[in-house]
$ cat query28.cif   # mmCIF, C-alpha atoms
data_protein
loop_
_atom_site.group_PDB
_atom_site.id
_atom_site.type_symbol
_atom_site.label_atom_id
_atom_site.label_comp_id
_atom_site.auth_asym_id
_atom_site.auth_seq_id
_atom_site.Cartn_x
_atom_site.Cartn_y
_atom_site.Cartn_z
ATOM 1 C CA MET C 1 13.935 12.689 13.831
ATOM 2 C CA LYS C 2 17.356 13.204 12.263
ATOM 3 C CA GLN C 3 16.393 10.943 9.361
ATOM 4 C CA TYR C 4 13.076 12.779 8.945
ATOM 5 C CA LEU C 5 14.830 16.162 8.829
ATOM 6 C CA LYS C 6 17.395 14.854 6.369
ATOM 7 C CA GLU C 7 14.705 13.478 4.030
ATOM 8 C CA THR C 8 12.564 16.608 4.321
ATOM 9 C CA LEU C 9 15.510 18.893 3.543
ATOM 10 C CA VAL C 10 16.331 16.829 0.459
ATOM 11 C CA GLU C 11 12.669 17.132 -0.635
ATOM 12 C CA LEU C 12 12.797 20.881 0.019
ATOM 13 C CA CYS C 13 15.935 21.240 -2.108
ATOM 14 C CA CYS C 14 14.356 19.272 -4.965
ATOM 15 C CA ALA C 15 11.026 21.147 -4.754
ATOM 16 C CA TYR C 16 12.677 24.573 -4.609
ATOM 17 C CA THR C 17 15.004 23.748 -7.510
ATOM 18 C CA ILE C 18 12.061 22.644 -9.680
ATOM 19 C CA ILE C 19 10.015 25.740 -8.765
ATOM 20 C CA SER C 20 12.992 28.070 -9.391
ATOM 21 C CA VAL C 21 13.717 26.542 -12.788
ATOM 22 C CA VAL C 22 10.026 26.617 -13.817
ATOM 23 C CA GLY C 23 9.842 30.233 -12.552
ATOM 24 C CA ALA C 24 12.960 31.199 -14.523
ATOM 25 C CA ILE C 25 11.616 29.589 -17.722
ATOM 26 C CA THR C 26 8.257 31.340 -17.229
ATOM 27 C CA ASN C 27 10.046 34.672 -16.727
ATOM 28 C CA ILE C 28 12.080 34.159 -19.915
ATOM 29 C CA PHE C 29 8.924 33.194 -21.804
ATOM 30 C CA TYR C 30 6.865 36.189 -20.636
ATOM 31 C CA GLY C 31 9.815 38.605 -20.451
ATOM 32 C CA SER C 32 9.105 39.353 -16.779
ATOM 33 C CA GLU C 33 11.574 39.708 -13.893
ATOM 34 C CA THR C 34 11.628 38.726 -10.268
ATOM 35 C CA ASN C 35 13.212 40.434 -7.263
ATOM 36 C CA ASN C 36 14.909 39.359 -4.031
ATOM 37 C CA ALA C 37 11.725 39.669 -1.974
ATOM 38 C CA ASN C 38 9.865 37.366 -4.396
ATOM 39 C CA VAL C 39 12.658 34.794 -4.260
ATOM 40 C CA LEU C 40 12.584 34.784 -0.457
ATOM 41 C CA MET C 41 8.770 34.531 -0.411
ATOM 42 C CA MET C 42 8.887 31.634 -2.862
ATOM 43 C CA PHE C 43 11.409 29.848 -0.663
ATOM 44 C CA THR C 44 9.261 30.437 2.453
ATOM 45 C CA PHE C 45 6.119 29.065 0.761
ATOM 46 C CA CYS C 46 8.076 26.125 -0.559
ATOM 47 C CA THR C 47 9.415 25.343 2.937
ATOM 48 C CA ILE C 48 5.922 25.546 4.452
ATOM 49 C CA ALA C 49 4.437 23.323 1.748
ATOM 50 C CA VAL C 50 7.199 20.696 2.003
ATOM 51 C CA PHE C 51 6.994 20.502 5.812
ATOM 52 C CA VAL C 52 3.190 20.303 5.818
ATOM 53 C CA LEU C 53 3.193 17.630 3.090
ATOM 54 C CA SER C 54 5.879 15.644 4.923
ATOM 55 C CA MET C 55 3.540 15.346 7.923
ATOM 56 C CA HIS C 56 1.365 12.863 6.000
ATOM 57 C CA LYS C 57 2.232 10.042 8.419
ATOM 58 C CA ILE C 58 0.238 11.615 11.241
ATOM 59 C CA LEU C 59 -2.797 11.796 8.934
ATOM 60 C CA MET C 60 -2.743 8.099 8.041
ATOM 61 C CA ARG C 61 -6.140 7.426 9.600
ATOM 62 C CA PHE C 62 -7.796 9.690 7.016
ATOM 63 C CA SER C 63 -8.368 8.822 3.377
ATOM 64 C CA PRO C 64 -5.822 10.331 0.942
ATOM 65 C CA LEU C 65 -8.425 12.806 -0.331
ATOM 66 C CA VAL C 66 -9.229 14.080 3.165
ATOM 67 C CA MET C 67 -5.495 14.163 3.967
ATOM 68 C CA MET C 68 -4.847 16.290 0.883
ATOM 69 C CA LEU C 69 -7.642 18.695 1.794
ATOM 70 C CA ILE C 70 -6.374 19.049 5.380
ATOM 71 C CA GLN C 71 -2.830 19.671 4.134
ATOM 72 C CA PHE C 72 -4.139 22.182 1.604
ATOM 73 C CA VAL C 73 -6.034 24.152 4.253
ATOM 74 C CA VAL C 74 -3.103 24.083 6.715
ATOM 75 C CA SER C 75 -0.439 25.081 4.177
ATOM 76 C CA LEU C 76 -2.626 27.767 2.610
ATOM 77 C CA GLY C 77 -3.421 29.104 6.090
ATOM 78 C CA LEU C 78 0.268 29.264 7.042
ATOM 79 C CA CYS C 79 1.239 30.940 3.752
ATOM 80 C CA CYS C 80 -1.599 33.466 4.160
ATOM 81 C CA ALA C 81 -0.368 34.164 7.698
ATOM 82 C CA VAL C 82 3.143 34.874 6.354
ATOM 83 C CA VAL C 83 1.740 37.215 3.675
ATOM 84 C CA PHE C 84 -0.481 38.917 6.259
ATOM 85 C CA VAL C 85 2.497 39.558 8.585
ATOM 86 C CA LEU C 86 4.603 40.842 5.681
ATOM 87 C CA SER C 87 1.757 43.086 4.534
ATOM 88 C CA PHE C 88 2.510 45.317 7.538
ATOM 89 C CA ILE C 89 5.967 45.983 6.035
ATOM 90 C CA GLU C 90 4.835 46.190 2.439
ATOM 91 C CA PRO C 91 1.081 46.481 1.766
ATOM 92 C CA VAL C 92 -0.539 43.743 -0.341
ATOM 93 C CA THR C 93 -3.308 44.839 -2.692
ATOM 94 C CA PRO C 94 -6.538 42.786 -3.112
ATOM 95 C CA ARG C 95 -5.257 41.874 -6.565
ATOM 96 C CA GLY C 96 -2.008 40.628 -4.920
ATOM 97 C CA TRP C 97 -3.996 38.409 -2.521
ATOM 98 C CA PHE C 98 -6.004 37.030 -5.443
ATOM 99 C CA GLU C 99 -2.850 36.309 -7.471
ATOM 100 C CA PHE C 100 -1.184 34.652 -4.478
ATOM 101 C CA ILE C 101 -4.149 32.352 -3.716
ATOM 102 C CA ARG C 102 -4.651 31.533 -7.392
ATOM 103 C CA SER C 103 -0.968 30.574 -7.817
ATOM 104 C CA PHE C 104 -1.106 28.432 -4.696
ATOM 105 C CA VAL C 105 -4.324 26.652 -5.736
ATOM 106 C CA ILE C 106 -3.094 25.952 -9.286
ATOM 107 C CA ILE C 107 0.166 24.338 -8.097
ATOM 108 C CA TYR C 108 -1.623 22.351 -5.391
ATOM 109 C CA ALA C 109 -4.347 21.191 -7.787
ATOM 110 C CA LEU C 110 -1.716 20.040 -10.293
ATOM 111 C CA GLY C 111 0.145 18.151 -7.553
ATOM 112 C CA GLY C 112 -3.122 16.653 -6.264
ATOM 113 C CA GLY C 113 -4.158 15.612 -9.756
ATOM 114 C CA PHE C 114 -0.818 13.919 -10.319
ATOM 115 C CA TYR C 115 -1.127 12.073 -6.984
ATOM 116 C CA TYR C 116 -4.677 10.989 -7.901
ATOM 117 C CA TYR C 117 -3.454 9.670 -11.247
ATOM 118 C CA ARG C 118 -0.589 7.786 -9.560
ATOM 119 C CA VAL C 119 -2.924 6.097 -7.059
ATOM 120 C CA PHE C 120 -5.106 4.796 -9.907
ATOM 121 C CA ARG C 121 -2.147 3.818 -12.088
ATOM 122 C CA ASP C 122 -0.372 1.955 -9.238
ATOM 123 C CA ALA C 123 -3.575 0.121 -8.279
ATOM 124 C CA LYS C 124 -4.039 -0.919 -11.900
ATOM 125 C CA GLU C 125 -0.456 -2.233 -12.065
ATOM 126 C CA GLN C 126 -0.887 -4.119 -8.787
ATOM 127 C CA ASP C 127 -4.158 -5.607 -10.049
ATOM 128 C CA LYS C 128 -2.387 -6.731 -13.229
ATOM 129 C CA LEU C 129 0.386 -8.366 -11.182
ATOM 130 C CA ILE C 130 -2.198 -10.217 -9.063
ATOM 131 C CA LYS C 131 -3.976 -11.501 -12.181
ATOM 132 C CA GLU C 132 -0.658 -12.731 -13.622
ATOM 133 C CA ILE C 133 0.270 -14.520 -10.380
ATOM 134 C CA GLN C 134 -3.180 -16.134 -10.200
ATOM 135 C CA LYS C 135 -2.893 -17.236 -13.830
ATOM 136 C CA HIS C 136 0.532 -18.827 -13.230
ATOM 137 C CA GLN C 137 -0.748 -20.516 -10.078
ATOM 138 C CA GLU C 138 -3.763 -21.951 -11.930
ATOM 139 C CA SER C 139 -1.618 -23.236 -14.801
ATOM 140 C CA SER C 140 0.906 -24.851 -12.407
ATOM 141 C CA GLU C 141 -1.918 -26.587 -10.507
ATOM 142 C CA GLU C 142 -3.372 -28.095 -13.687
ATOM 143 C CA MET P 1 1.819 -30.117 -12.834
ATOM 144 C CA LYS P 2 1.974 -33.804 -13.765
ATOM 145 C CA LEU P 3 1.666 -36.275 -10.903
ATOM 146 C CA ASN P 4 2.954 -39.855 -11.091
ATOM 147 C CA LEU P 5 2.206 -42.295 -8.283
ATOM 148 C CA TYR P 6 4.011 -45.633 -8.071
ATOM 149 C CA GLU P 7 2.847 -48.365 -5.758
ATOM 150 C CA ASP P 8 5.530 -50.832 -4.665
ATOM 151 C CA LYS P 9 4.566 -53.193 -1.864
ATOM 152 C CA GLU P 10 8.213 -54.257 -1.452
ATOM 153 C CA LEU P 11 9.504 -50.728 -0.968
ATOM 154 C CA ALA P 12 11.190 -50.273 2.393
ATOM 155 C CA ASN P 13 12.112 -46.617 2.086
ATOM 156 C CA GLU P 14 9.237 -44.451 0.851
ATOM 157 C CA HIS P 15 10.415 -41.295 -0.849
ATOM 158 C CA VAL P 16 9.284 -38.410 -3.029
ATOM 159 C CA ASP P 17 11.254 -37.001 -5.960
ATOM 160 C CA ILE P 18 10.310 -33.580 -7.253
ATOM 161 C CA TYR P 19 11.427 -32.451 -10.692
ATOM 162 C CA TYR P 20 11.100 -28.735 -11.152
ATOM 163 C CA SER P 21 12.282 -26.082 -13.571
ATOM 164 C CA LYS P 22 12.059 -23.258 -11.056
ATOM 165 C CA MET P 23 11.475 -23.091 -7.313
ATOM 166 C CA ARG P 24 7.937 -21.700 -7.553
ATOM 167 C CA PRO P 25 5.608 -21.235 -4.570
ATOM 168 C CA THR P 26 3.679 -24.378 -5.598
ATOM 169 C CA VAL P 27 6.896 -26.431 -5.470
ATOM 170 C CA LYS P 28 7.769 -24.946 -2.081
ATOM 171 C CA GLN P 29 4.301 -25.855 -0.824
ATOM 172 C CA LEU P 30 4.863 -29.463 -1.952
ATOM 173 C CA ILE P 31 8.192 -29.544 -0.124
ATOM 174 C CA ASP P 32 6.506 -28.216 3.016
ATOM 175 C CA THR P 33 3.915 -30.987 2.764
ATOM 176 C CA VAL P 34 6.564 -33.711 2.338
ATOM 177 C CA ASN P 35 8.599 -32.313 5.215
ATOM 178 C CA SER P 36 5.406 -32.123 7.295
ATOM 179 C CA GLU P 37 5.970 -28.396 7.596
ATOM 180 C CA ARG P 38 2.835 -27.418 5.733
ATOM 181 C CA PRO P 39 1.223 -24.763 7.862
ATOM 182 C CA SER P 40 -2.082 -25.834 9.221
ATOM 183 C CA LEU P 41 -4.109 -23.274 11.022
ATOM 184 C CA ALA P 42 -6.428 -24.533 13.690
ATOM 185 C CA GLY P 43 -9.471 -22.385 14.269
ATOM 186 C CA ARG P 44 -12.802 -22.471 16.000
ATOM 187 C CA PRO P 45 -15.955 -20.959 14.519
ATOM 188 C CA ALA P 46 -16.009 -17.355 15.680
ATOM 189 C CA ASP P 47 -19.656 -17.399 16.732
ATOM 190 C CA GLU P 48 -19.112 -20.158 19.308
ATOM 191 C CA ASP P 49 -17.463 -20.026 22.725
ATOM 192 C CA LEU P 50 -13.814 -20.961 22.709
ATOM 193 C CA ASP P 51 -14.339 -24.033 24.882
ATOM 194 C CA ASP P 52 -17.453 -25.283 23.087
ATOM 195 C CA GLY P 53 -16.527 -25.038 19.434
ATOM 196 C CA GLU P 54 -14.871 -27.907 17.674
ATOM 197 C CA GLU P 55 -11.402 -27.096 16.395
ATOM 198 C CA ILE P 56 -11.153 -27.163 12.618
ATOM 199 C CA ILE P 57 -7.958 -27.428 10.589
ATOM 200 C CA LEU P 58 -8.004 -24.689 7.976
ATOM 201 C CA ASP P 59 -6.245 -25.015 4.656
ATOM 202 C CA PRO P 60 -4.419 -21.720 3.935
ATOM 203 C CA LYS P 61 -5.714 -21.904 0.361
ATOM 204 C CA GLU P 62 -9.271 -21.574 1.651
ATOM 205 C CA ILE P 63 -8.595 -18.441 3.677
ATOM 206 C CA TYR P 64 -9.454 -15.086 2.088
ATOM 207 C CA TYR P 65 -7.878 -12.886 4.717
ATOM 208 C CA LEU P 66 -6.864 -12.665 8.366
ATOM 209 C CA ASP P 67 -8.134 -9.894 10.575
ATOM 210 C CA HIS P 68 -6.767 -8.896 13.968
ATOM 211 C CA ILE P 69 -9.434 -7.201 16.082
ATOM 212 C CA ASP P 70 -9.314 -6.542 19.843
ATOM 213 C CA ARG P 71 -6.264 -8.791 20.276
ATOM 214 C CA LYS P 72 -8.110 -11.653 18.591
ATOM 215 C CA LEU P 73 -7.210 -13.139 15.244
ATOM 216 C CA PHE P 74 -9.910 -14.217 12.797
ATOM 217 C CA ALA P 75 -9.643 -16.093 9.511
ATOM 218 C CA TYR P 76 -12.292 -15.426 6.868
ATOM 219 C CA THR P 77 -13.159 -18.202 4.432
ATOM 220 C CA ARG P 78 -15.968 -18.580 1.907
ATOM 221 C CA THR P 79 -18.062 -20.498 4.419
ATOM 222 C CA GLY P 80 -17.355 -18.744 7.680
ATOM 223 C CA VAL P 81 -15.215 -16.936 10.181
ATOM 224 C CA TYR P 82 -12.813 -18.782 12.450
ATOM 225 C CA ARG P 83 -10.889 -17.603 15.471
ATOM 226 C CA LEU P 84 -7.225 -18.574 15.429
ATOM 227 C CA MET P 85 -5.107 -18.973 18.533
ATOM 228 C CA THR P 86 -1.945 -17.573 17.038
ATOM 229 C CA THR P 87 -0.543 -14.159 16.181
ATOM 230 C CA LEU P 88 -0.740 -12.184 12.969
ATOM 231 C CA ALA P 89 3.076 -11.862 12.836
ATOM 232 C CA SER P 90 3.600 -15.639 13.027
ATOM 233 C CA CYS P 91 0.950 -16.171 10.341
ATOM 234 C CA GLU P 92 2.704 -13.626 8.140
ATOM 235 C CA GLU P 93 5.988 -15.503 8.521
ATOM 236 C CA GLN P 94 4.363 -18.921 8.054
ATOM 237 C CA LEU P 95 2.122 -18.053 5.122
ATOM 238 C CA TRP P 96 4.105 -15.685 2.890
ATOM 239 C CA ASN P 97 4.741 -18.608 0.546
ATOM 240 C CA TYR P 98 1.003 -19.240 0.296
ATOM 241 C CA GLY P 99 0.195 -15.805 -1.056
ATOM 242 C CA PHE P 100 -0.436 -14.020 2.230
ATOM 243 C CA VAL P 101 0.807 -10.465 2.521
ATOM 244 C CA ARG P 102 0.360 -7.730 5.108
ATOM 245 C CA VAL P 103 -1.767 -4.847 3.815
ATOM 246 C CA SER P 104 -2.412 -3.017 7.069
ATOM 247 C CA LYS P 105 -1.533 -3.180 10.742
ATOM 248 C CA SER P 106 -4.284 -5.747 11.324
ATOM 249 C CA ASN P 107 -4.803 -7.534 7.997
ATOM 250 C CA LEU P 108 -3.107 -10.248 5.978
ATOM 251 C CA VAL P 109 -4.718 -10.991 2.612
ATOM 252 C CA ASN P 110 -4.455 -14.017 0.356
ATOM 253 C CA ILE P 111 -3.546 -12.632 -3.073
ATOM 254 C CA TYR P 112 -4.862 -15.768 -4.791
ATOM 255 C CA LYS P 113 -8.344 -14.893 -3.529
ATOM 256 C CA ILE P 114 -8.362 -11.255 -4.605
ATOM 257 C CA LYS P 115 -10.911 -10.655 -7.333
ATOM 258 C CA GLN P 116 -10.037 -7.043 -8.011
ATOM 259 C CA LEU P 117 -7.898 -4.242 -6.678
ATOM 260 C CA LYS P 118 -9.506 -0.869 -7.136
ATOM 261 C CA PRO P 119 -9.231 2.602 -5.625
ATOM 262 C CA ASP P 120 -12.272 4.471 -4.351
ATOM 263 C CA LEU P 121 -12.965 8.082 -5.214
ATOM 264 C CA ASN P 122 -11.431 9.066 -1.869
ATOM 265 C CA MET P 123 -8.211 7.364 -3.142
ATOM 266 C CA LYS P 124 -8.307 4.476 -0.661
ATOM 267 C CA VAL P 125 -7.334 1.264 -2.455
ATOM 268 C CA TYR P 126 -9.487 -1.783 -1.707
ATOM 269 C CA ALA P 127 -8.966 -5.476 -2.445
ATOM 270 C CA SER P 128 -12.319 -7.107 -3.301
ATOM 271 C CA PHE P 129 -12.922 -10.814 -2.796
ATOM 272 C CA ASP P 130 -15.449 -13.023 -4.537
ATOM 273 C CA ASN P 131 -17.489 -13.283 -1.330
ATOM 274 C CA GLY P 132 -18.240 -9.567 -1.686
ATOM 275 C CA GLU P 133 -15.973 -8.379 1.126
ATOM 276 C CA ARG P 134 -13.360 -5.646 0.784
ATOM 277 C CA ILE P 135 -10.118 -4.937 2.624
ATOM 278 C CA CYS P 136 -8.348 -1.610 2.484
ATOM 279 C CA ILE P 137 -4.709 -1.626 1.364
ATOM 280 C CA ASN P 138 -3.124 0.847 3.744
ATOM 281 C CA ARG P 139 -0.902 3.303 1.904
ATOM 282 C CA SER P 140 1.970 2.820 4.366
ATOM 283 C CA TYR P 141 2.089 -0.854 3.256
ATOM 284 C CA LYS P 142 1.839 -0.022 -0.449
ATOM 285 C CA LYS P 143 5.562 -0.342 -1.149
ATOM 286 C CA SER P 144 5.993 -3.685 0.631
ATOM 287 C CA PHE P 145 2.772 -4.957 -1.000
ATOM 288 C CA THR P 146 4.054 -4.094 -4.489
ATOM 289 C CA GLU P 147 7.463 -5.637 -3.730
ATOM 290 C CA TYR P 148 5.738 -8.813 -2.535
ATOM 291 C CA LEU P 149 3.651 -9.005 -5.725
ATOM 292 C CA GLN P 150 6.735 -8.513 -7.902
ATOM 293 C CA ARG P 151 8.621 -11.217 -5.984
ATOM 294 C CA MET P 152 5.687 -13.648 -6.241
ATOM 295 C CA ARG P 153 5.391 -13.000 -9.969
ATOM 296 C CA ARG P 154 9.109 -13.675 -10.452
ATOM 297 C CA LEU P 155 8.820 -16.885 -8.446
ATOM 298 C CA SER P 156 5.702 -18.058 -10.237
ATOM 299 C CA GLU P 157 7.044 -17.579 -13.774
#
$ encode --input "query28.cif" --output "structure tokens"
Amino acid sequence: MKQYLKETLVELCCAYTIISVVGAITNIFYGSETNNANVLMMFTFCTIAVFVLSMHKILMRFSPLVMMLIQFVVSLGLCCAVVFVLSFIEPVTPRGWFEFIRSFVIIYALGGGFYYYRVFRDAKEQDKLIKEIQKHQESSEE
Amino acid sequence: MKLNLYEDKELANEHVDIYYSKMRPTVKQLIDTVNSERPSLAGRPADEDLDDGEEIILDPKEIYYLDHIDRKLFAYTRTGVYRLMTTLASCEEQLWNYGFVRVSKSNLVNIYKIKQLKPDLNMKVYASFDNGERICINRSYKKSFTEYLQRMRRLSE
């Protein structure tokens, strides 16, 4: 448990750093600004996403695609719940909900696409290694 | 590999000399054979009762994969399925040198028999054999599987 928490916190730090830097670059590029509430919200969403994604071991019996979809639904649900609770303090407009879901889906789709690419690339590399080993074995038997 | 056999009727002490450039799996297999440590797996055809079936010695090179189902271990070859009276863990230890690697909690596959490794659309990676069967490479074993392949490639060069 201690090891799991340690690893997850390291992942959270890395993920939040990347998101913050990308956010800062985007803000510079578009000339926009963020505020303290946005920073805290971004950190909350990042924490939810990292903890949900780190639970992949309990979803081992499902295929990676199904696992990704389950994690997407759970993390989106939790983030929506946070926004819903906060909307009692500061109202969220329909446009705000749309922007929030769109941002979430885009990041998740990019991450999913990268994972999909890695699965295919790794399988291709493993297949190449197997072919090389078989070739060496055949030549040493001759 | 070149093989020279010398017959000497006068020879009192039979021996084997192996000249090798690198300790490859094939060389290790030869050493096992000379030392009488070559793993031989005894199995009975799976479709017969344990007491009735004749025990057959299986050559590891003929086995495609091992499957552990309901506390029973089965070896799949081109010609049939055989039940082995041993454990998957001991087979893993005994056969790593023969190209067998763990790919899931209940499967050991022979990498020399894999025809193709390909992911499905649902991202599950399957090893296909030339007998048409497929075994899923569990993603929790992916790292150890890749490490095993890299080690075997280094050894076989």
$ interface_residues --input "query28.cif" --of "chain P" --to "chain C" --cutoff "7 Å" --atoms "all atoms listed in the file" --output "PyMOL selection string"
chain P and resi 1+111-112+116-119+122-124+146+149+152-153+156-157
$ resolve_selection --input "query28.cif" --expression "the PyMOL selection byres ((chain P and resi 105) around 9)" --output "ChimeraX atom specification"
/P:68,102-104,106-108,138,141
$ resolve_selection --input "query28.cif" --expression "the PyMOL selection byres ((chain P and resi 62) around 12)" --output "list of chain:residue names"
P:Ser40, P:Leu41, P:Ile57, P:Leu58, P:Asp59, P:Pro60, P:Lys61, P:Ile63, P:Tyr64, P:Tyr65, P:Leu66, P:Ala75, P:Tyr76, P:Thr77, P:Arg78, P:Thr79, P:Gly80, P:Val81, P:Tyr82, P:Tyr98, P:Gly99, P:Phe100, P:Val109, P:Asn110, P:Ile111, P:Tyr112, P:Lys113
$ resolve_selection --input "query28.cif" --expression "the PyMOL selection byres ((chain C and resi 104) around 12)" --output "list in words"
Met42, Phe45, Cys46, Ile48, Ala49, Phe72, Val73, Ser75, Leu76, Gly77, Leu78, Cys79, Cys80, Trp97, Phe98, Glu99, Phe100, Ile101, Arg102, Ser103, Val105, Ile106, Ile107, Tyr108, Ala109, Leu110 and Gly111 of chain C
$ closest_residue --input "query28.cif" --among "P:Ile31, P:Ile56, P:Ile69, P:Ile135" --to "Thr87 of chain P" --atoms "only C-alpha atoms"
P:Ile69
$ atom_distance --input "query28.cif" --atom1 "atom CA of Tyr6 of chain P" --atom2 "atom CA of Ser21 of chain P"
21.9 Å
$ residues_around --input "query28.cif" --residues "Arg71 of chain P" --least-positions-apart "3" --cutoff "12 Å" --atoms "only C-alpha atoms" --output "PyMOL selection string"
chain P and resi 67-68+74+83-88+106
$ atom_distance --input "query28.cif" --atom1 "atom CA of Leu95 of chain P" --atom2 "atom CA of Arg24 of chain P"
14.4 Å
$ closest_residue --input "query28.cif" --among "C:Gly113, C:Lys6, C:Thr44, C:Val82" --to "Met68 of chain C" --atoms "all atoms listed in the file"
C:Gly113
$ residues_around --input "query28.cif" --residues "segment 9-18 of chain C" --least-positions-apart "5" --cutoff "9 Å" --atoms "only C-alpha atoms" --output "ChimeraX atom specification"
/C:4,23,42-43,46-47,49-51,54
$ atom_distance --input "query28.cif" --atom1 "atom CA of Lys28 of chain P" --atom2 "atom CA of Asn97 of chain P"
7.5 Å
$ axis_aligned_box --input "query28.cif" --around "segment 11-20 of chain C" --padding-each-side "4 Å" --output "JSON"
{"center_x": 13.0, "center_y": 22.6, "center_z": -4.8, "size_x": 13.9, "size_y": 18.9, "size_z": 17.7}
$ build_atoms --input "query28.cif" --residues "segment 106-124 of chain C" --atoms "N, CA and C atoms" --output "compact mmCIF listing (two decimals), keeping the file's coordinate frame"
# COMPACT_ATOMS: atom_id res chain seq x y z
N ILE C 106 -3.45 26.61 -8.01
CA ILE C 106 -3.09 25.95 -9.29
C ILE C 106 -2.00 24.90 -9.06
N ILE C 107 -0.94 25.29 -8.34
CA ILE C 107 0.17 24.34 -8.10
C ILE C 107 -0.33 23.15 -7.29
N TYR C 108 -1.12 23.43 -6.25
CA TYR C 108 -1.62 22.35 -5.39
C TYR C 108 -2.56 21.43 -6.18
N ALA C 109 -3.40 22.01 -7.00
CA ALA C 109 -4.35 21.19 -7.79
C ALA C 109 -3.59 20.29 -8.77
N LEU C 110 -2.53 20.85 -9.37
CA LEU C 110 -1.72 20.04 -10.29
C LEU C 110 -1.06 18.88 -9.55
N GLY C 111 -0.49 19.19 -8.38
CA GLY C 111 0.14 18.15 -7.55
C GLY C 111 -0.87 17.10 -7.13
N GLY C 112 -2.05 17.56 -6.69
CA GLY C 112 -3.12 16.65 -6.26
C GLY C 112 -3.59 15.76 -7.41
N GLY C 113 -3.72 16.37 -8.57
CA GLY C 113 -4.16 15.61 -9.76
C GLY C 113 -3.16 14.53 -10.13
N PHE C 114 -1.87 14.89 -10.02
CA PHE C 114 -0.82 13.92 -10.32
C PHE C 114 -0.85 12.77 -9.31
N TYR C 115 -1.06 13.10 -8.03
CA TYR C 115 -1.13 12.07 -6.98
C TYR C 115 -2.32 11.15 -7.25
N TYR C 116 -3.44 11.73 -7.61
CA TYR C 116 -4.68 10.99 -7.90
C TYR C 116 -4.43 10.01 -9.05
N TYR C 117 -3.78 10.51 -10.08
CA TYR C 117 -3.45 9.67 -11.25
C TYR C 117 -2.54 8.52 -10.85
N ARG C 118 -1.54 8.82 -9.98
CA ARG C 118 -0.59 7.79 -9.56
C ARG C 118 -1.26 6.69 -8.75
N VAL C 119 -2.21 7.09 -7.87
CA VAL C 119 -2.92 6.10 -7.06
C VAL C 119 -3.65 5.11 -7.97
N PHE C 120 -4.34 5.65 -8.99
CA PHE C 120 -5.11 4.80 -9.91
C PHE C 120 -4.17 3.95 -10.78
N ARG C 121 -3.09 4.55 -11.25
CA ARG C 121 -2.15 3.82 -12.09
C ARG C 121 -1.47 2.68 -11.31
N ASP C 122 -1.04 2.98 -10.06
CA ASP C 122 -0.37 1.96 -9.24
C ASP C 122 -1.33 0.81 -8.91
N ALA C 123 -2.59 1.17 -8.61
CA ALA C 123 -3.58 0.12 -8.28
C ALA C 123 -3.82 -0.77 -9.49
N LYS C 124 -3.83 -0.17 -10.67
CA LYS C 124 -4.04 -0.92 -11.90
C LYS C 124 -2.86 -1.88 -12.15
